[in-house]
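Written below as structure tokens is the structure these notes are about.
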Amino acid sequence: MKNRYLYFMAAAHFCNDINTGALPALLPFYVSYYGMDYTSIAGLLFAGSFLSSVIQPLFGYLADRKSRQWFMGFGIMVTGGFLGITGLLQNYWAIFTAITIMGIGSSIFHPEAARLVNALAGEKKGKAMSIFSVGGNAGFGVGPLLVVFLITNFGLEGSLFFCALSLVMGALMLLFAKRIVNSATRVTQVDLKGDSTAAPEPVYDNDWPNFGKLTFVIILRSTVSAGVRGFLPLFCIQVILASHAVGTATLSLLSVAGIFATLIGGYLADRYGYARILKIGTICMVPILFMMVYFENIAVVYLLLIPLSLSVQGTYSSFVVMGQSYLSKNVGFASGITLGISFSAGGMLVPVIGNYADHYGISQAMWLIVIIATLCALGSQFLPEPKSLLKKKAA
């Protein structure tokens with residue numbers, strides 16, 4: 001865990017995901033500058049997420065067949081480069097294409113990076129994955145703020161900053177990639193006591209049935225997370241009658257708390273077990289969301305935001321490490337699936353909740369989210385601790 005490359009990987013994750021986080025903040029400027037309608041804007045959001053989530057497992061599969069460390073630096077360059085040039089484009093389909101390629105770049109980066117973080121971690125996989133994911137979470141948080149500053153001061157051409165940032169970090173990643181791979185190899189082959197004669201850890205058969213169950217749980221968790229981000233502010237404003245500032249501030253508190261929740265969840269998973277933390281976190285989601293919706297009180301909502309963040313974001317490291325352990329022969333592919341659907345599945349399914357809200361109201365939509373959280377909690381109870389993690393715990 002003292003390996004300096006782990007923190008470098010978190011910084012690379014920040015520089016990659018800052019572009020994905022910046023995209024939603026760019027959209028209002030496209031409306032102002034080009035007069036795009038809401039359908040066009042929704043199309044750009046779709047372009048940035050759908051193809052990337054579909055193709056990400058493919059890059060994970062390729063990373064498993066042969067280490068392709070250049071994927072990371074190249075992916076960062078593609079992600080930031082194509083987001084950056086959107087400020088120079090005026091044709092809608094040119095912007096659509098650039099954002100689609102941006103999403104593909106992010107898909108190139110994540111599986112190989114997550115696979116190497118898993119190898120660098122040694123026995124502290126939960127803590128390592130939480131540090132790595134905090135870099136991405138921070139990127140998502142900083143991206144919108146950076147966009148507002150750049151576009152306000154420099155116009156749409158200010159987006160070129162993302163090109164420069166991605167080129168610098170991408171070049172550094174290409175420069176250090178081989179060293180990172182070598183360091184990961186040493187960590188894998190040498191135990192924590194420094195015994196250089198230790199045999200490599202056994203590779204267990206892929207547990208596809210449990211990986212399938214985990215994937216189902218991640219999809220439900222992602223839907224809950226996206227649903228809360230999309231509809232909790234509206235619930236506060238339209239049902240509880242809070243001000244717009246108070247309602248939207250719930251997202252800011254959730255984002256900040258999410259950084260600490262991810263770190264805490266990784267530590268607890270290493271100490272008490274990944275499946276156990278996932279089960280406890282998903283169970284806790286249900287009463288927390290129930291009380292938020294049932295009491296319809298803004299004070300109750302704010303009191304429960306941090307526990308909600310812990311229950312949702314605190315399970316992130318657990319399900320990524322569990323997926324990698326269930327498919328220990330295909331860690332890159334597992335990373336592509338778990339990381340891909342954790343960010344995209346909810347975004348693709350949340351329009352269904354929106355349509356439900358149009359027909360039955362925002363309160364009923366929030367109750368639907370509570371039901372989805374309940375299904376997620378039930379599904380997680382059927383997930384065992386992966387065999388490789390049980391062996392390390394016993395040792």
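Chain labels follow the order of the structure tokens: the first chain is A, the next B, and so on; residue numbering restarts at 1 in every chain, and ligands are counted from 1 in their shown order.
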
I'd like a table as a tab-separated table: residues in stretch 143-262 of chain A with an atom no more than 12 Å from stretch 317-330 of chain A, each row giving the shortest atom pair and its distance in Å to one decimal, only C-alpha atoms counted, sorted by chain and rising residue number.
residue	atom	partner	partner_atom	distance
A:Glu201	CA	A:Ser328	CA	10.8
A:Pro202	CA	A:Ser328	CA	9.5
A:Val203	CA	A:Ser328	CA	6.2
A:Tyr204	CA	A:Ser328	CA	6.1
A:Asp205	CA	A:Lys329	CA	6.8
A:Asn206	CA	A:Leu327	CA	4.4
A:Asp207	CA	A:Tyr326	CA	5.0
A:Trp208	CA	A:Tyr326	CA	7.1
A:Pro209	CA	A:Tyr326	CA	9.1
A:Asn210	CA	A:Tyr326	CA	7.1
A:Phe211	CA	A:Tyr326	CA	5.9
A:Gly212	CA	A:Gly323	CA	9.4
A:Lys213	CA	A:Gly323	CA	10.2
A:Leu214	CA	A:Gly323	CA	7.2
A:Thr215	CA	A:Gly323	CA	8.3
A:Phe216	CA	A:Phe319	CA	11.3
A:Val217	CA	A:Phe319	CA	9.0
A:Ile218	CA	A:Phe319	CA	7.5
A:Ile219	CA	A:Phe319	CA	11.3
A:Arg221	CA	A:Phe319	CA	10.4
A:Ser222	CA	A:Phe319	CA	11.7
A:Ile259	CA	A:Ser317	CA	11.9
A:Ala261	CA	A:Ser317	CA	10.3
A:Thr262	CA	A:Ser317	CA	7.0

Save out the residues we just selected, C-alpha atoms, as a PDB file, in the first residue's frame.
ATOM      1  CA  GLU A 201      -0.944 -16.991  -5.656  1.00  0.00           C
ATOM      2  CA  PRO A 202      -3.182 -19.688  -7.160  1.00  0.00           C
ATOM      3  CA  VAL A 203      -5.619 -18.579  -9.827  1.00  0.00           C
ATOM      4  CA  TYR A 204      -9.104 -19.935  -9.104  1.00  0.00           C
ATOM      5  CA  ASP A 205     -11.619 -20.987 -11.728  1.00  0.00           C
ATOM      6  CA  ASN A 206     -13.992 -18.252 -12.861  1.00  0.00           C
ATOM      7  CA  ASP A 207     -17.218 -18.220 -10.857  1.00  0.00           C
ATOM      8  CA  TRP A 208     -19.635 -17.083 -13.553  1.00  0.00           C
ATOM      9  CA  PRO A 209     -22.909 -17.770 -11.655  1.00  0.00           C
ATOM     10  CA  ASN A 210     -21.952 -15.534  -8.740  1.00  0.00           C
ATOM     11  CA  PHE A 211     -20.480 -12.932 -11.093  1.00  0.00           C
ATOM     12  CA  GLY A 212     -23.859 -12.856 -12.835  1.00  0.00           C
ATOM     13  CA  LYS A 213     -25.629 -12.304  -9.511  1.00  0.00           C
ATOM     14  CA  LEU A 214     -23.165  -9.536  -8.649  1.00  0.00           C
ATOM     15  CA  THR A 215     -23.786  -7.865 -12.007  1.00  0.00           C
ATOM     16  CA  PHE A 216     -27.535  -7.840 -11.276  1.00  0.00           C
ATOM     17  CA  VAL A 217     -26.888  -6.225  -7.873  1.00  0.00           C
ATOM     18  CA  ILE A 218     -24.585  -3.579  -9.414  1.00  0.00           C
ATOM     19  CA  ILE A 219     -27.230  -2.671 -12.011  1.00  0.00           C
ATOM     20  CA  ARG A 221     -27.340  -0.165  -7.130  1.00  0.00           C
ATOM     21  CA  SER A 222     -26.435   2.018 -10.109  1.00  0.00           C
ATOM     22  CA  ILE A 259     -15.251  10.640  -1.410  1.00  0.00           C
ATOM     23  CA  ALA A 261     -17.471   7.023   2.085  1.00  0.00           C
ATOM     24  CA  THR A 262     -15.473   5.278  -0.644  1.00  0.00           C
TER      25      THR A 262
END

**Study point:** Exercise: A:Ile371 partners within 10 Å, only C-alpha atoms, chain neighbours under 3 positions left out, as a list in words
**Key:** Val224, Val286, Leu289, Phe290, Ala365, Met366, Trp367, Leu368, Thr374, Leu375, Cys376 and Ala377 of chain A

Take the residues just selected and output them with N, CA and C atoms as a JSON list (two decimals), in the first residue's frame.
[["chain", "number", "residue", "atom", "x", "y", "z"],
["A", 224, "VAL", "N", -30.35, 2.95, -8.37],
["A", 224, "VAL", "CA", -30.68, 3.71, -7.16],
["A", 224, "VAL", "C", -29.85, 4.99, -7.09],
["A", 286, "VAL", "N", -32.09, 0.80, 2.31],
["A", 286, "VAL", "CA", -33.55, 0.70, 2.28],
["A", 286, "VAL", "C", -34.21, 1.57, 3.36],
["A", 289, "LEU", "N", -33.57, 5.45, 2.68],
["A", 289, "LEU", "CA", -34.41, 6.02, 1.63],
["A", 289, "LEU", "C", -35.89, 6.05, 2.06],
["A", 290, "PHE", "N", -36.32, 5.00, 2.76],
["A", 290, "PHE", "CA", -37.70, 4.95, 3.23],
["A", 290, "PHE", "C", -38.02, 6.16, 4.11],
["A", 365, "ALA", "N", -42.28, 8.22, -7.74],
["A", 365, "ALA", "CA", -40.99, 7.86, -8.33],
["A", 365, "ALA", "C", -39.96, 7.55, -7.25],
["A", 366, "MET", "N", -39.99, 8.34, -6.17],
["A", 366, "MET", "CA", -39.06, 8.09, -5.07],
["A", 366, "MET", "C", -39.39, 6.77, -4.37],
["A", 367, "TRP", "N", -40.68, 6.44, -4.25],
["A", 367, "TRP", "CA", -41.05, 5.14, -3.68],
["A", 367, "TRP", "C", -40.58, 4.00, -4.59],
["A", 368, "LEU", "N", -40.59, 4.23, -5.90],
["A", 368, "LEU", "CA", -40.07, 3.22, -6.82],
["A", 368, "LEU", "C", -38.58, 2.99, -6.59],
["A", 374, "THR", "N", -34.63, -2.09, -2.32],
["A", 374, "THR", "CA", -34.99, -3.31, -1.60],
["A", 374, "THR", "C", -34.58, -4.55, -2.40],
["A", 375, "LEU", "N", -34.84, -4.55, -3.70],
["A", 375, "LEU", "CA", -34.43, -5.66, -4.57],
["A", 375, "LEU", "C", -32.91, -5.80, -4.58],
["A", 376, "CYS", "N", -32.21, -4.67, -4.59],
["A", 376, "CYS", "CA", -30.75, -4.69, -4.55],
["A", 376, "CYS", "C", -30.26, -5.35, -3.25],
["A", 377, "ALA", "N", -30.86, -4.97, -2.13],
["A", 377, "ALA", "CA", -30.47, -5.54, -0.84],
["A", 377, "ALA", "C", -30.74, -7.04, -0.79]]

Check your understanding: Do you know which residues are at most 7 Å from A:Ala47 counting only C-alpha atoms, after dropping those on the same chain fewer than 2 positions away, and could you put them as a VMD selection string?
Key -> chain A and resid 43 to 45 49 to 51 96 99 to 100

Output N, CA and C atoms for every residue in that selection, as a PDB file, in the first residue's frame.
ATOM      1  N   GLY A  43     -29.250  13.458 -26.541  1.00  0.00           N
ATOM      2  CA  GLY A  43     -28.483  12.646 -27.474  1.00  0.00           C
ATOM      3  C   GLY A  43     -26.995  12.696 -27.187  1.00  0.00           C
ATOM      4  N   LEU A  44     -26.488  13.847 -26.772  1.00  0.00           N
ATOM      5  CA  LEU A  44     -25.066  13.966 -26.450  1.00  0.00           C
ATOM      6  C   LEU A  44     -24.722  13.200 -25.175  1.00  0.00           C
ATOM      7  N   LEU A  45     -25.617  13.230 -24.193  1.00  0.00           N
ATOM      8  CA  LEU A  45     -25.396  12.432 -22.988  1.00  0.00           C
ATOM      9  C   LEU A  45     -25.383  10.941 -23.317  1.00  0.00           C
ATOM     10  N   SER A  49     -22.077   7.907 -23.001  1.00  0.00           N
ATOM     11  CA  SER A  49     -22.124   6.807 -22.045  1.00  0.00           C
ATOM     12  C   SER A  49     -22.460   5.455 -22.649  1.00  0.00           C
ATOM     13  N   PHE A  50     -23.383   5.418 -23.616  1.00  0.00           N
ATOM     14  CA  PHE A  50     -23.894   4.120 -24.046  1.00  0.00           C
ATOM     15  C   PHE A  50     -22.824   3.263 -24.709  1.00  0.00           C
ATOM     16  N   LEU A  51     -22.185   3.786 -25.771  1.00  0.00           N
ATOM     17  CA  LEU A  51     -21.209   2.971 -26.486  1.00  0.00           C
ATOM     18  C   LEU A  51     -20.016   2.627 -25.605  1.00  0.00           C
ATOM     19  N   PHE A  96     -21.349  15.293 -31.662  1.00  0.00           N
ATOM     20  CA  PHE A  96     -21.838  13.966 -31.258  1.00  0.00           C
ATOM     21  C   PHE A  96     -20.745  12.917 -31.451  1.00  0.00           C
ATOM     22  N   ILE A  99     -17.852  13.349 -28.883  1.00  0.00           N
ATOM     23  CA  ILE A  99     -18.219  12.895 -27.542  1.00  0.00           C
ATOM     24  C   ILE A  99     -18.301  11.371 -27.498  1.00  0.00           C
ATOM     25  N   THR A 100     -18.750  10.754 -28.584  1.00  0.00           N
ATOM     26  CA  THR A 100     -18.772   9.290 -28.641  1.00  0.00           C
ATOM     27  C   THR A 100     -17.358   8.725 -28.522  1.00  0.00           C
TER      28      THR A 100
END

Check your understanding: Out of A:Ser311, A:Gln238, A:Thr185, A:Thr79, which residue has the shortest atom-to-atom distance to A:Gly361 when counting only C-alpha atoms?
Key -> A:Gln238

**Study point:** Contacts of A:Ala269 within 9 Å, only C-alpha atoms, excl. fewer than 6 positions in-chain, as a ChimeraX atom specification
**Key:** /A:125-127,275-278,315,317-318

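Nearest to A:Leu174 of all the residues A:Met72, A:Leu156, A:Leu89, A:Leu116 is A:Met72, based on only C-alpha atoms.
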